[in-house]
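To keep things clear, I will list the structure first and then write my remarks on it.
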Amino acid sequence: MYRVAILDDEPLFAEQLAETTANCLAARGISCEVEKFAAASDLADVAHPGSFDLYLMDVLLGEQNPTGIDVARAVRAGDKDAAIVFVTVSLDHAPEGYDVDAAGYVLKPLDDERFDQALDRTLATRASRQPVVIETPQRTVRIFPDELAYLEIRNHTLDLHFVNGHVESLNAFISSVLEKMAAHEVVLCHRSFAVGMAAIRSVRRYYVTLSTGDKIPVSRGRYADVQRALMRRAKTR
């Protein structure tokens, strides 16, 4: 499911944009879920890494402060991979879009052809890097393994710690996450911990030091597994 967030303080236009987006994606065989937000603060409350695949944002949000550019910067600080497209009345702020690696600018009123082109760019980028989807009865989370620092199971809750400091907590087994990832992406190092291979900086007896500075325990029985996983990863790079 492709998740889209629309930030626009004009309800009628937001509805039109949601319908157009759903139709364009459906024409490409992609099912989607669209959420509309009229206020920057409402979007900020739920815009965590992996929450959305695409953000469609107006730049000028009435009398509100921050602007759509400010919101995009906040989103990009925590999520390097979601696509951001600005849908606005003016290109005056276009240079600022480079700061957030925007996939495009589409002018209002909506130009279907330009919007289609912007979607094509976002989908081409997405196709080159696929997230791992973790589904639980309560929620669905999309993660990119190279952004994962470590997983920790605590009191029947699985915490996913990302290298940017964000933490996602799920009601899931650590094994259910590991089975969705390739062996070179994550390794179980302890009955309560698994580490993202891209985040490992050193291995000692008996702990792993990550790029975040965290030191994660490695059990005696898992030490050799971690060493072998590192060697396999080195051969694939």
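Just remember, in the structure tokens the first chain shown is A, the second B, etc., residues are 1-based per chain, and ligands are 1-based in the order shown.
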Which of range 1-233 of chain A fall in helix (DSSP H, G or I), as an MDAnalysis selection string: chainID A and resid 11:27 40:46 68:78 94:100 112:127 145:147 174:178 197:199 220:233
Test item: residues at most 12 Å from Asn23 in chain A, only C-alpha atoms, excluding those fewer than 5 positions along its chain, as an NGL selection string: :A and (16-18 or 28-34 or 112 or 115-116 or 119)
Quick one: everything within 12 Å of Thr140 in chain A, counting only C-alpha atoms, minus sequence neighbours fewer than 3 positions away in the same chain. Send it as a CSV table (one decimal) with N, CA, C and O atoms, in the first residue's frame.
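The result, stored in part-v9.csv:
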```csv
chain,number,residue,atom,x,y,z
A,1,MET,N,0.8,-1.2,0.0
A,1,MET,CA,0.0,0.0,0.0
A,1,MET,C,0.9,1.2,0.0
A,1,MET,O,1.7,1.4,0.8
A,2,TYR,N,0.7,2.1,-1.0
A,2,TYR,CA,1.4,3.4,-1.1
A,2,TYR,C,0.7,4.4,-0.3
A,2,TYR,O,-0.4,4.7,-0.5
A,3,ARG,N,1.4,5.0,0.7
A,3,ARG,CA,0.8,6.0,1.6
A,3,ARG,C,1.1,7.4,1.2
A,3,ARG,O,2.3,7.7,1.0
A,50,GLY,N,9.0,6.4,7.6
A,50,GLY,CA,8.2,5.3,7.1
A,50,GLY,C,6.7,5.5,7.2
A,50,GLY,O,5.9,4.6,6.7
A,51,SER,N,6.2,6.6,7.7
A,51,SER,CA,4.8,6.8,7.8
A,51,SER,C,4.1,7.0,6.5
A,51,SER,O,3.0,6.5,6.2
A,52,PHE,N,4.8,7.7,5.6
A,52,PHE,CA,4.3,8.0,4.2
A,52,PHE,C,5.4,7.8,3.2
A,52,PHE,O,6.5,8.0,3.4
A,131,PRO,N,11.3,-0.6,0.8
A,131,PRO,CA,11.3,-0.8,2.2
A,131,PRO,C,10.8,-2.1,2.6
A,131,PRO,O,10.2,-2.9,1.8
A,132,VAL,N,11.1,-2.5,3.8
A,132,VAL,CA,10.6,-3.7,4.4
A,132,VAL,C,9.3,-3.3,5.1
A,132,VAL,O,9.3,-2.4,5.9
A,133,VAL,N,8.2,-4.1,4.9
A,133,VAL,CA,6.9,-3.7,5.5
A,133,VAL,C,6.7,-4.7,6.6
A,133,VAL,O,6.7,-5.9,6.5
A,134,ILE,N,6.5,-4.1,7.8
A,134,ILE,CA,6.2,-4.9,9.0
A,134,ILE,C,4.7,-4.6,9.4
A,134,ILE,O,4.3,-3.5,9.6
A,135,GLU,N,3.9,-5.7,9.3
A,135,GLU,CA,2.5,-5.5,9.6
A,135,GLU,C,2.1,-6.2,11.0
A,135,GLU,O,2.5,-7.3,11.2
A,136,THR,N,1.4,-5.4,11.8
A,136,THR,CA,0.9,-6.0,13.0
A,136,THR,C,-0.6,-5.7,13.0
A,136,THR,O,-1.1,-4.9,12.2
A,137,PRO,N,-1.4,-6.3,14.0
A,137,PRO,CA,-2.8,-6.0,14.0
A,137,PRO,C,-3.1,-4.5,14.3
A,137,PRO,O,-4.2,-4.0,13.9
A,143,ILE,N,10.2,0.2,6.8
A,143,ILE,CA,11.5,0.6,7.2
A,143,ILE,C,12.5,0.2,6.1
A,143,ILE,O,12.3,-0.7,5.4
A,168,GLU,N,10.5,3.2,16.9
A,168,GLU,CA,9.1,2.7,16.7
A,168,GLU,C,8.9,1.5,17.6
A,168,GLU,O,9.7,0.6,17.6
A,169,SER,N,7.8,1.5,18.3
A,169,SER,CA,7.5,0.4,19.2
A,169,SER,C,6.3,-0.4,18.6
A,169,SER,O,5.3,0.2,18.3
A,170,LEU,N,6.5,-1.7,18.5
A,170,LEU,CA,5.5,-2.6,17.9
A,170,LEU,C,5.2,-3.8,18.9
A,170,LEU,O,6.0,-4.2,19.6
A,171,ASN,N,4.0,-4.3,18.7
A,171,ASN,CA,3.6,-5.6,19.4
A,171,ASN,C,4.0,-6.7,18.4
A,171,ASN,O,3.1,-7.1,17.6
A,172,ALA,N,5.2,-7.1,18.4
A,172,ALA,CA,5.7,-8.1,17.4
A,172,ALA,C,6.8,-8.8,18.0
A,172,ALA,O,7.5,-8.4,18.9
```
Surrounding residues of Tyr206 in chain A excluding itself and chain neighbours under 5 positions, 12 Å, only C-alpha atoms, as a PyMOL selection string: chain A and resi 189-190+215-224+226-227
d(CA of His184 in chain A, CA of Asp225 in chain A) in Å: 11.6 Å
All strand (DSSP E) residues (DSSP, backbone) inside range 71-191 of chain A, as a ChimeraX atom specification: /A:83-88,104-107,132-135,140-143,148-154,157-162,167-170,186-190
